[in-house]
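So this block is upload.txt, compact mmCIF, C-alpha atoms and all ligand atoms:
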# COMPACT_ATOMS: atom_id res chain seq x y z
CA THR E 1 -5.30 0.69 21.25
CA GLU E 2 -4.36 -2.87 22.11
CA GLU E 3 -4.98 -3.87 18.52
CA LEU E 4 -2.76 -1.01 17.32
CA LEU E 5 0.05 -1.93 19.71
CA ARG E 6 -0.11 -5.53 18.65
CA LYS E 7 0.24 -4.42 15.05
CA SER E 8 3.30 -2.26 15.65
CA ASP E 9 5.08 -5.10 17.48
CA LYS E 10 4.59 -7.25 14.46
CA LEU E 11 5.82 -4.51 12.18
CA SER E 12 9.10 -3.97 13.96
CA VAL E 13 9.96 -7.67 14.04
CA ALA E 14 9.12 -8.06 10.39
CA GLY E 15 11.00 -4.85 9.66
CA GLN E 16 14.23 -6.12 11.18
CA LEU E 17 13.94 -9.37 9.27
CA ALA E 18 13.16 -7.60 6.04
CA ALA E 19 16.03 -5.14 6.23
CA GLY E 20 18.64 -7.89 6.37
CA LEU E 21 16.94 -10.17 3.93
CA ALA E 22 16.12 -7.65 1.23
CA HIS E 23 19.70 -6.51 0.72
CA GLU E 24 21.04 -10.05 0.57
CA ILE E 25 18.46 -11.10 -1.97
CA ARG E 26 18.52 -8.20 -4.38
CA ASN E 27 22.08 -8.32 -5.67
CA PRO E 28 22.14 -11.98 -6.66
CA LEU E 29 18.73 -11.49 -8.27
CA THR E 30 20.03 -8.74 -10.49
CA SER E 31 23.01 -10.80 -11.58
CA LEU E 32 20.82 -13.88 -12.22
CA ARG E 33 18.54 -11.79 -14.37
CA GLY E 34 21.45 -10.50 -16.44
CA PHE E 35 22.94 -13.96 -17.09
CA LEU E 36 19.53 -15.39 -17.97
CA GLN E 37 19.11 -12.69 -20.58
CA LEU E 38 22.55 -13.47 -22.01
CA LEU E 39 21.81 -17.22 -22.17
CA GLN E 40 18.48 -16.56 -23.79
CA ASN E 41 20.19 -15.61 -27.04
CA ASP E 42 21.93 -19.04 -27.33
CA MET E 43 18.84 -21.07 -26.52
CA LYS E 44 16.42 -20.65 -29.36
CA GLY E 45 13.30 -22.78 -28.97
CA LYS E 46 13.50 -22.59 -25.19
CA GLN E 47 11.97 -19.12 -25.07
CA HIS E 48 9.10 -20.27 -22.88
CA TYR E 49 11.40 -21.43 -20.07
CA PHE E 50 13.14 -18.08 -20.08
CA ASP E 51 9.90 -16.18 -19.95
CA ILE E 52 8.90 -18.16 -16.88
CA MET E 53 12.28 -17.72 -15.19
CA LEU E 54 12.36 -14.00 -15.87
CA SER E 55 8.84 -13.43 -14.63
CA GLU E 56 9.54 -15.47 -11.48
CA LEU E 57 12.64 -13.35 -10.88
CA ASP E 58 10.60 -10.19 -11.35
CA ARG E 59 8.07 -11.47 -8.85
CA ILE E 60 10.78 -12.07 -6.24
CA ASN E 61 12.12 -8.61 -6.94
CA PHE E 62 8.67 -7.07 -6.51
CA ILE E 63 8.13 -8.81 -3.18
CA VAL E 64 11.53 -7.67 -1.97
CA SER E 65 10.75 -4.08 -3.00
CA GLU E 66 7.52 -4.14 -1.01
CA PHE E 67 9.46 -5.52 1.92
CA LEU E 68 12.05 -2.74 1.71
CA VAL E 69 9.44 -0.02 2.16
CA ILE E 70 8.31 -1.78 5.31
CA ALA E 71 11.81 -2.29 6.59
CA LYS E 72 13.25 1.18 6.09
CA PRO E 73 11.01 3.84 7.60
CA GLU E 74 14.14 5.92 8.33
CA ALA E 75 14.51 6.43 4.59
CA ILE E 76 11.33 8.53 4.61
CA HIS E 77 11.88 12.20 3.84
CA TYR E 78 9.30 14.63 5.11
CA LYS E 79 8.43 18.01 3.64
CA LYS E 80 5.48 20.35 3.40
CA SER E 81 3.19 19.03 0.70
CA ASP E 82 -0.21 19.50 -0.79
CA LEU E 83 -2.40 16.51 0.03
CA LYS E 84 -4.83 17.46 -2.73
CA GLU E 85 -2.09 17.17 -5.31
CA ILE E 86 -0.94 13.84 -3.88
CA LEU E 87 -4.42 12.33 -4.06
CA GLN E 88 -5.10 13.76 -7.51
CA THR E 89 -1.90 12.11 -8.75
CA VAL E 90 -2.97 8.78 -7.28
CA ILE E 91 -6.36 9.03 -8.98
CA ALA E 92 -4.75 10.00 -12.29
CA LEU E 93 -2.36 7.03 -12.05
CA LEU E 94 -5.14 4.53 -11.47
CA ASP E 95 -7.90 6.01 -13.59
CA THR E 96 -7.18 4.07 -16.79
CA GLN E 97 -7.19 0.81 -14.86
CA ALA E 98 -10.41 1.85 -13.13
CA VAL E 99 -12.15 2.58 -16.42
CA LEU E 100 -11.11 -0.85 -17.69
CA CYS E 101 -12.72 -2.47 -14.63
CA ASP E 102 -15.84 -0.32 -14.87
CA VAL E 103 -15.02 1.33 -11.60
CA GLU E 104 -15.70 4.98 -10.91
CA LEU E 105 -13.03 6.77 -8.90
CA VAL E 106 -14.23 9.82 -6.98
CA LEU E 107 -12.20 12.28 -4.93
CA GLU E 108 -13.99 14.77 -2.70
CA PHE E 109 -12.77 17.44 -0.30
CA GLU E 110 -15.15 18.35 2.51
CA SER E 111 -12.90 21.09 3.80
CA GLU E 112 -9.86 23.13 2.86
CA ILE E 113 -6.76 21.17 3.77
CA PRO E 114 -3.70 23.09 4.95
CA GLU E 115 -0.28 21.94 3.81
CA LEU E 116 0.82 18.78 5.52
CA ILE E 117 4.31 17.70 6.53
CA CYS E 118 4.63 14.27 5.01
CA SER E 119 6.49 12.05 2.61
CA GLU E 120 4.76 12.54 -0.72
CA MET E 121 6.16 9.36 -2.19
CA HIS E 122 5.00 7.25 0.72
CA LEU E 123 1.53 8.78 0.92
CA LYS E 124 1.12 8.10 -2.80
CA GLN E 125 2.19 4.51 -2.22
CA LEU E 126 -0.26 4.25 0.69
CA PHE E 127 -3.27 5.40 -1.32
CA ILE E 128 -2.25 3.47 -4.43
CA ASN E 129 -2.26 0.33 -2.27
CA LEU E 130 -5.67 1.14 -0.76
CA VAL E 131 -7.32 2.05 -4.06
CA LYS E 132 -5.81 -1.00 -5.79
CA ASN E 133 -7.17 -3.27 -3.08
CA ALA E 134 -10.55 -1.61 -3.44
CA MET E 135 -10.46 -2.14 -7.21
CA GLU E 136 -9.49 -5.75 -6.78
CA ALA E 137 -12.41 -6.21 -4.38
CA ILE E 138 -14.92 -5.01 -6.95
CA PRO E 139 -15.92 -7.78 -9.35
CA LYS E 140 -17.48 -5.35 -11.80
CA ASP E 141 -19.21 -2.01 -11.89
CA GLY E 142 -18.31 -0.29 -8.72
CA GLN E 143 -17.40 2.93 -7.07
CA ILE E 144 -14.43 3.93 -4.98
CA LYS E 145 -14.74 7.21 -3.18
CA LEU E 146 -12.04 9.09 -1.32
CA THR E 147 -13.32 11.79 0.99
CA VAL E 148 -10.99 14.17 2.78
CA SER E 149 -12.05 16.09 5.86
CA ILE E 150 -10.72 17.67 9.03
CA GLN E 151 -11.64 16.00 12.30
CA GLU E 152 -11.25 17.59 15.72
CA SER E 153 -9.44 20.56 14.13
CA ASP E 154 -6.02 18.89 13.92
CA LEU E 155 -6.59 15.52 12.27
CA ILE E 156 -6.98 14.94 8.56
CA ARG E 157 -9.18 12.00 7.73
CA ILE E 158 -8.91 10.40 4.32
CA ARG E 159 -11.74 7.92 3.99
CA THR E 160 -11.70 5.31 1.21
CA VAL E 161 -15.04 3.66 0.60
CA ASP E 162 -15.63 0.86 -1.88
CA ASN E 163 -18.68 -1.20 -2.70
CA GLY E 164 -16.65 -4.36 -3.28
CA CYS E 165 -16.86 -7.85 -1.80
CA GLY E 166 -16.13 -6.80 1.78
CA ILE E 167 -14.16 -8.73 4.39
CA PRO E 168 -15.62 -11.31 6.78
CA GLU E 169 -15.56 -10.11 10.37
CA GLU E 170 -13.30 -12.95 11.55
CA ARG E 171 -10.68 -11.94 8.97
CA LEU E 172 -10.53 -8.26 9.90
CA LYS E 173 -7.91 -8.79 12.60
CA GLN E 174 -5.59 -10.53 10.14
CA LEU E 175 -5.35 -7.51 7.88
CA GLY E 176 -1.86 -6.06 7.97
CA GLU E 177 -0.24 -9.35 8.92
CA PRO E 178 2.58 -10.12 6.52
CA PHE E 179 1.61 -12.52 3.70
CA TYR E 180 -2.08 -12.57 4.56
CA THR E 181 -3.73 -12.59 1.16
CA THR E 182 -6.85 -14.05 -0.41
CA LYS E 183 -5.59 -13.45 -3.95
CA GLU E 184 -3.88 -15.94 -6.20
CA LYS E 185 -1.24 -13.40 -7.22
CA GLY E 186 -1.29 -11.37 -4.02
CA THR E 187 1.72 -10.76 -1.79
CA GLY E 188 -0.17 -9.92 1.38
CA LEU E 189 2.28 -7.09 2.01
CA GLY E 190 0.28 -4.10 0.75
CA LEU E 191 -1.73 -3.38 3.88
CA MET E 192 1.24 -4.01 6.10
CA MET E 193 3.11 -1.39 4.11
CA CYS E 194 0.13 0.94 4.57
CA PHE E 195 0.15 0.48 8.35
CA LYS E 196 3.88 1.14 8.40
CA ILE E 197 3.60 4.34 6.36
CA VAL E 198 0.72 5.65 8.47
CA GLU E 199 2.61 4.80 11.63
CA ALA E 200 5.70 6.67 10.39
CA HIS E 201 3.45 9.72 9.92
CA LYS E 202 2.15 9.36 13.49
CA GLY E 203 -1.27 8.56 12.16
CA THR E 204 -3.70 5.69 12.51
CA MET E 205 -5.62 3.52 10.08
CA THR E 206 -8.88 1.74 10.78
CA ILE E 207 -10.78 -0.75 8.66
CA GLN E 208 -14.50 -1.40 8.76
CA SER E 209 -16.18 -3.83 6.45
CA GLN E 210 -19.45 -5.55 5.71
CA LEU E 211 -19.34 -8.78 3.75
CA GLY E 212 -20.99 -8.30 0.39
CA GLU E 213 -21.48 -4.57 0.96
CA GLY E 214 -18.04 -3.00 0.92
CA THR E 215 -15.20 -1.63 2.95
CA ILE E 216 -14.36 1.67 4.62
CA ILE E 217 -10.73 2.46 5.38
CA ASP E 218 -9.96 5.61 7.37
CA VAL E 219 -6.50 7.09 7.46
CA PHE E 220 -6.05 9.74 10.15
CA LEU E 221 -3.02 11.97 9.83
CA PRO E 222 -2.16 14.59 12.45
CA LEU E 223 -1.69 18.09 11.04
CA GLN E 224 0.85 18.79 13.75
CA PRO E 225 2.56 15.59 14.79
CA ASP E 226 3.79 16.00 18.38
CA ASP E 227 7.00 14.07 17.89
CA GLN E 228 8.80 16.61 15.71
CA ASP E 229 12.27 15.07 16.22
CA ARG E 230 11.62 12.27 13.78
CA ILE E 231 10.74 14.71 11.07
CA ASP E 232 13.24 16.40 8.74
CA MET E 233 12.04 19.96 8.22
CA PRO E 234 12.30 21.37 4.69
P1 LIG F 1 -2.77 -8.34 -1.42
O1 LIG F 1 -3.52 -7.21 -2.07
O2 LIG F 1 -1.46 -8.63 -2.10
O3 LIG F 1 -3.62 -9.56 -1.23
P2 LIG F 1 -2.89 -6.67 0.90
O4 LIG F 1 -2.06 -6.62 2.14
O5 LIG F 1 -2.97 -5.43 0.09
O6 LIG F 1 -2.34 -7.87 0.04
O7 LIG F 1 -4.35 -7.11 1.31
C1 LIG F 1 -4.53 -8.27 2.10
C2 LIG F 1 -5.92 -8.84 1.95
O8 LIG F 1 -6.87 -7.96 2.54
C3 LIG F 1 -6.40 -9.00 0.52
O9 LIG F 1 -5.94 -10.21 -0.06
C4 LIG F 1 -7.92 -8.97 0.68
O10 LIG F 1 -8.40 -10.23 1.04
C5 LIG F 1 -8.12 -8.05 1.87
N1 LIG F 1 -8.52 -6.67 1.46
C6 LIG F 1 -7.75 -5.55 1.49
N2 LIG F 1 -8.43 -4.47 1.09
C7 LIG F 1 -9.68 -4.90 0.79
C8 LIG F 1 -10.89 -4.26 0.31
N3 LIG F 1 -10.92 -2.93 0.04
N4 LIG F 1 -11.98 -5.03 0.14
C9 LIG F 1 -11.95 -6.36 0.41
N5 LIG F 1 -10.86 -7.01 0.85
C10 LIG F 1 -9.74 -6.30 1.04
MG MG F 2 -2.93 -5.20 -2.09

Give the structure from this file in structure tokens form.
Amino acid sequence: TEELLRKSDKLSVAGQLAAGLAHEIRNPLTSLRGFLQLLQNDMKGKQHYFDIMLSELDRINFIVSEFLVIAKPEAIHYKKSDLKEILQTVIALLDTQAVLCDVELVLEFESEIPELICSEMHLKQLFINLVKNAMEAIPKDGQIKLTVSIQESDLIRIRTVDNGCGIPEERLKQLGEPFYTTKEKGTGLGLMMCFKIVEAHKGTMTIQSQLGEGTIIDVFLPLQPDDQDRIDMP
């Protein structure tokens, strides 16, 4: 619990920062991008510089978008949804990429899952982030398995297991900290976003890992969240 509390403190501070920052950054970015594209036409032979500038702008924009999800949990809209459909969509979205990396994506339901009050868009984002991380952790030839089950009659557990590189024990506590990444092109915001989304759904997320063996990430979502006030009913 202490670990969980510590994480939510961090999230709210980062959230406040992000909310202000994201809005201030986005508008000038859009206008910069437009003028760069205009200039591009008068600067033949300098194409390469423009490509770099545009892709750097897109990177800033991407980071700001990730930040916005973290900063604006109040923008989440909840309605009754089918978790099976949500997860099937996620698998379908990532399947081509998985085939290219020689990774097998498996989705298994151990029990019937009743409809869940949730934000479809955010749960998709959550599992896209988790499966992408799992794919990026697998150098070649791996498996990622999502198993859905009911625990203690009122908790849905979605377990993501990969046989990727794993995470050293001393790094586990850093997961979910903003900007913690081990990837050259990483943002280190994906897991933080995941924690935020799970938290908004009154759930919890735990990470277990064995270096060189793989990683298990459990998302627990309550079927009947007790704090109903924060939830817009359909
Ligand atoms: P990013 O993917 O941009 O690096 P994330 O917040 O999604 O940022 O992940 C942070 C770090 O956590 C990753 O850089 C990686 O080191 C580690 N990580 C996350 N998921 C896994 C996984 N399934 N297997 C191994 N390492 C992982
Ligand atoms: Mg990631």

Dump as a Markdown table the rows for residues of chain E within 10 Å of ligand MG 2 (chain F): closest atom pair and distance in Å with one decimal, all atoms listed in the file counted, ordered by chain and rising residue number.
| residue | atom | partner | partner_atom | distance |
| --- | --- | --- | --- | --- |
| E:Ile128 | CA | F:MG2 | MG | 9.0 |
| E:Asn129 | CA | F:MG2 | MG | 5.6 |
| E:Leu130 | CA | F:MG2 | MG | 7.0 |
| E:Val131 | CA | F:MG2 | MG | 8.7 |
| E:Lys132 | CA | F:MG2 | MG | 6.3 |
| E:Asn133 | CA | F:MG2 | MG | 4.8 |
| E:Ala134 | CA | F:MG2 | MG | 8.5 |
| E:Met135 | CA | F:MG2 | MG | 9.6 |
| E:Glu136 | CA | F:MG2 | MG | 8.1 |
| E:Ala137 | CA | F:MG2 | MG | 9.8 |
| E:Tyr180 | CA | F:MG2 | MG | 10.0 |
| E:Thr181 | CA | F:MG2 | MG | 8.1 |
| E:Thr182 | CA | F:MG2 | MG | 9.8 |
| E:Lys183 | CA | F:MG2 | MG | 8.9 |
| E:Lys185 | CA | F:MG2 | MG | 9.8 |
| E:Gly186 | CA | F:MG2 | MG | 6.7 |
| E:Thr187 | CA | F:MG2 | MG | 7.3 |
| E:Gly188 | CA | F:MG2 | MG | 6.5 |
| E:Leu189 | CA | F:MG2 | MG | 6.9 |
| E:Gly190 | CA | F:MG2 | MG | 4.4 |
| E:Leu191 | CA | F:MG2 | MG | 6.4 |
| E:Met192 | CA | F:MG2 | MG | 9.3 |
| E:Met193 | CA | F:MG2 | MG | 9.5 |
| E:Cys194 | CA | F:MG2 | MG | 9.6 |

**OP:** Figure out the distance between atom CA of E:Glu110 and atom CA of E:Thr147, please, to one decimal in Å.
**Re:** 7.0 Å

**OP:** Report the distance between atom CA of E:Tyr78 and atom CA of E:Gln125 in Å, rounded to one decimal place.
**Re:**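 Value for the atom CA of E:Tyr78-atom CA of E:Gln125 distance: 14.4 Å.
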
Subject >> Spatial neighbours of E:Pro139, 9 Å, only C-alpha atoms, chain gap at least 5 places, as a list of chain:residue names >> reply: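 These residues fall inside the cut-off: E:Cys101, E:Gly164, E:Cys165.
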
Take the residues from that selection and write them out as a short mmCIF file (atom, residue, chain, number, x, y, z; two decimals), in the coordinates of the input, keeping C-alpha atoms.
data_model
loop_
_atom_site.label_atom_id
_atom_site.label_comp_id
_atom_site.auth_asym_id
_atom_site.auth_seq_id
_atom_site.Cartn_x
_atom_site.Cartn_y
_atom_site.Cartn_z
CA CYS E 101 -12.72 -2.47 -14.63
CA GLY E 164 -16.65 -4.36 -3.28
CA CYS E 165 -16.86 -7.85 -1.80
#

Padding 4 Å on each side, edges along x, y and z: where is the centre of the box around the listed atoms of ligand LIG 1 (chain F), and how long are its edges in Å to one decimal? Output it as JSON.
{"center_x": -6.7, "center_y": -6.6, "center_z": 0.2, "size_x": 18.5, "size_y": 15.3, "size_z": 12.6}

Set the distance at 12 Å and use all atoms listed in the file: which residues neighbour E:Thr30 once local chain neighbours fewer than 3 positions away are removed? I'd like the list as a tab-separated table (two decimals) with C-alpha atoms, in the coordinates of the input.
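Done, and the output landed in out-v1.tsv:
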chain	number	residue	atom	x	y	z
E	23	HIS	CA	19.70	-6.51	0.72
E	24	GLU	CA	21.04	-10.05	0.57
E	25	ILE	CA	18.46	-11.10	-1.97
E	26	ARG	CA	18.52	-8.20	-4.38
E	27	ASN	CA	22.08	-8.32	-5.67
E	33	ARG	CA	18.54	-11.79	-14.37
E	34	GLY	CA	21.45	-10.50	-16.44
E	35	PHE	CA	22.94	-13.96	-17.09
E	36	LEU	CA	19.53	-15.39	-17.97
E	37	GLN	CA	19.11	-12.69	-20.58
E	54	LEU	CA	12.36	-14.00	-15.87
E	57	LEU	CA	12.64	-13.35	-10.88
E	58	ASP	CA	10.60	-10.19	-11.35
E	60	ILE	CA	10.78	-12.07	-6.24
E	61	ASN	CA	12.12	-8.61	-6.94

Original post:
Hey, can you check how far atom CA of E:Val103 sits from atom CA of E:Ser119?
Top reply: 27.9 Å

Original post:
Between E:Asp154, E:Asp51, E:Glu66, E:Asp95, which one has atoms that come closest to ligand LIG 1 (chain F), using all atoms listed in the file?
Top reply: E:Glu66

Counting all atoms listed in the file, find the residues whose atoms lie at most 12 Å from (-3.0, 10.8, -10.7) (file coordinates) and write them out as a PDB file with C-alpha atoms, keeping the file's coordinate frame.
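File result-v7.pdb, as written:
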ATOM      1  CA  LYS E  84      -4.830  17.460  -2.730  1.00  0.00           C
ATOM      2  CA  GLU E  85      -2.090  17.170  -5.310  1.00  0.00           C
ATOM      3  CA  ILE E  86      -0.940  13.840  -3.880  1.00  0.00           C
ATOM      4  CA  LEU E  87      -4.420  12.330  -4.060  1.00  0.00           C
ATOM      5  CA  GLN E  88      -5.100  13.760  -7.510  1.00  0.00           C
ATOM      6  CA  THR E  89      -1.900  12.110  -8.750  1.00  0.00           C
ATOM      7  CA  VAL E  90      -2.970   8.780  -7.280  1.00  0.00           C
ATOM      8  CA  ILE E  91      -6.360   9.030  -8.980  1.00  0.00           C
ATOM      9  CA  ALA E  92      -4.750  10.000 -12.290  1.00  0.00           C
ATOM     10  CA  LEU E  93      -2.360   7.030 -12.050  1.00  0.00           C
ATOM     11  CA  LEU E  94      -5.140   4.530 -11.470  1.00  0.00           C
ATOM     12  CA  ASP E  95      -7.900   6.010 -13.590  1.00  0.00           C
ATOM     13  CA  THR E  96      -7.180   4.070 -16.790  1.00  0.00           C
ATOM     14  CA  GLN E  97      -7.190   0.810 -14.860  1.00  0.00           C
ATOM     15  CA  ALA E  98     -10.410   1.850 -13.130  1.00  0.00           C
ATOM     16  CA  LEU E 105     -13.030   6.770  -8.900  1.00  0.00           C
ATOM     17  CA  VAL E 106     -14.230   9.820  -6.980  1.00  0.00           C
ATOM     18  CA  LEU E 107     -12.200  12.280  -4.930  1.00  0.00           C
ATOM     19  CA  LYS E 124       1.120   8.100  -2.800  1.00  0.00           C
ATOM     20  CA  GLN E 125       2.190   4.510  -2.220  1.00  0.00           C
ATOM     21  CA  PHE E 127      -3.270   5.400  -1.320  1.00  0.00           C
ATOM     22  CA  ILE E 128      -2.250   3.470  -4.430  1.00  0.00           C
ATOM     23  CA  VAL E 131      -7.320   2.050  -4.060  1.00  0.00           C
TER      24      VAL E 131
END

Original post:
From the list E:Lys46, E:Lys202, E:His77, E:Lys145, which residue is nearest ligand LIG 1 (chain F) when using all atoms listed in the file?
Top reply: E:Lys145

Counting all atoms listed in the file, what is within 6 Å of stretch 155-158 of chain E, bar same-chain residues fewer than 3 positions away, as a PDB file with C-alpha atoms, in the frame of the given file?
ATOM      1  CA  THR E 147     -13.320  11.790   0.990  1.00  0.00           C
ATOM      2  CA  VAL E 148     -10.990  14.170   2.780  1.00  0.00           C
ATOM      3  CA  SER E 149     -12.050  16.090   5.860  1.00  0.00           C
ATOM      4  CA  ILE E 150     -10.720  17.670   9.030  1.00  0.00           C
ATOM      5  CA  GLN E 151     -11.640  16.000  12.300  1.00  0.00           C
ATOM      6  CA  ASP E 218      -9.960   5.610   7.370  1.00  0.00           C
ATOM      7  CA  VAL E 219      -6.500   7.090   7.460  1.00  0.00           C
ATOM      8  CA  PHE E 220      -6.050   9.740  10.150  1.00  0.00           C
ATOM      9  CA  LEU E 221      -3.020  11.970   9.830  1.00  0.00           C
ATOM     10  CA  PRO E 222      -2.160  14.590  12.450  1.00  0.00           C
ATOM     11  CA  LEU E 223      -1.690  18.090  11.040  1.00  0.00           C
TER      12      LEU E 223
END

Subject >> Pick from E:His48, E:Arg159, E:Arg171, E:Lys80, whichever lies nearest to E:Thr206 using all atoms listed in the file >> reply: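 Comparing E:His48, E:Arg159, E:Arg171, E:Lys80 against E:Thr206, the winner is E:Arg159.
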
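With only C-alpha atoms as the atoms that count, the residue of E:Glu170, E:His201, E:Glu104, E:Glu177 with the shortest distance to E:Lys79 is E:His201.
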
**OP:** Select, from E:Glu115, E:Phe67, E:Ser55, E:Glu108, the residue with the minimum atom-to-atom distance to ligand LIG 1 (chain F), counting only C-alpha atoms and all ligand atoms.
**Re:**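 The shortest atom-to-atom distance to ligand LIG 1 (chain F) comes from E:Phe67.
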
**OP:** Please provide as a list in words all residues within 9 Å of E:Gly212, with the sequence filter that same-chain residues fewer than 3 positions apart are discarded (counting all atoms listed in the file).
**Re:**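 Using all atoms listed in the file, the neighbours found are Asn163, Gly164, Cys165, Gly166, Ile167, Pro168 and Ser209 of chain E.
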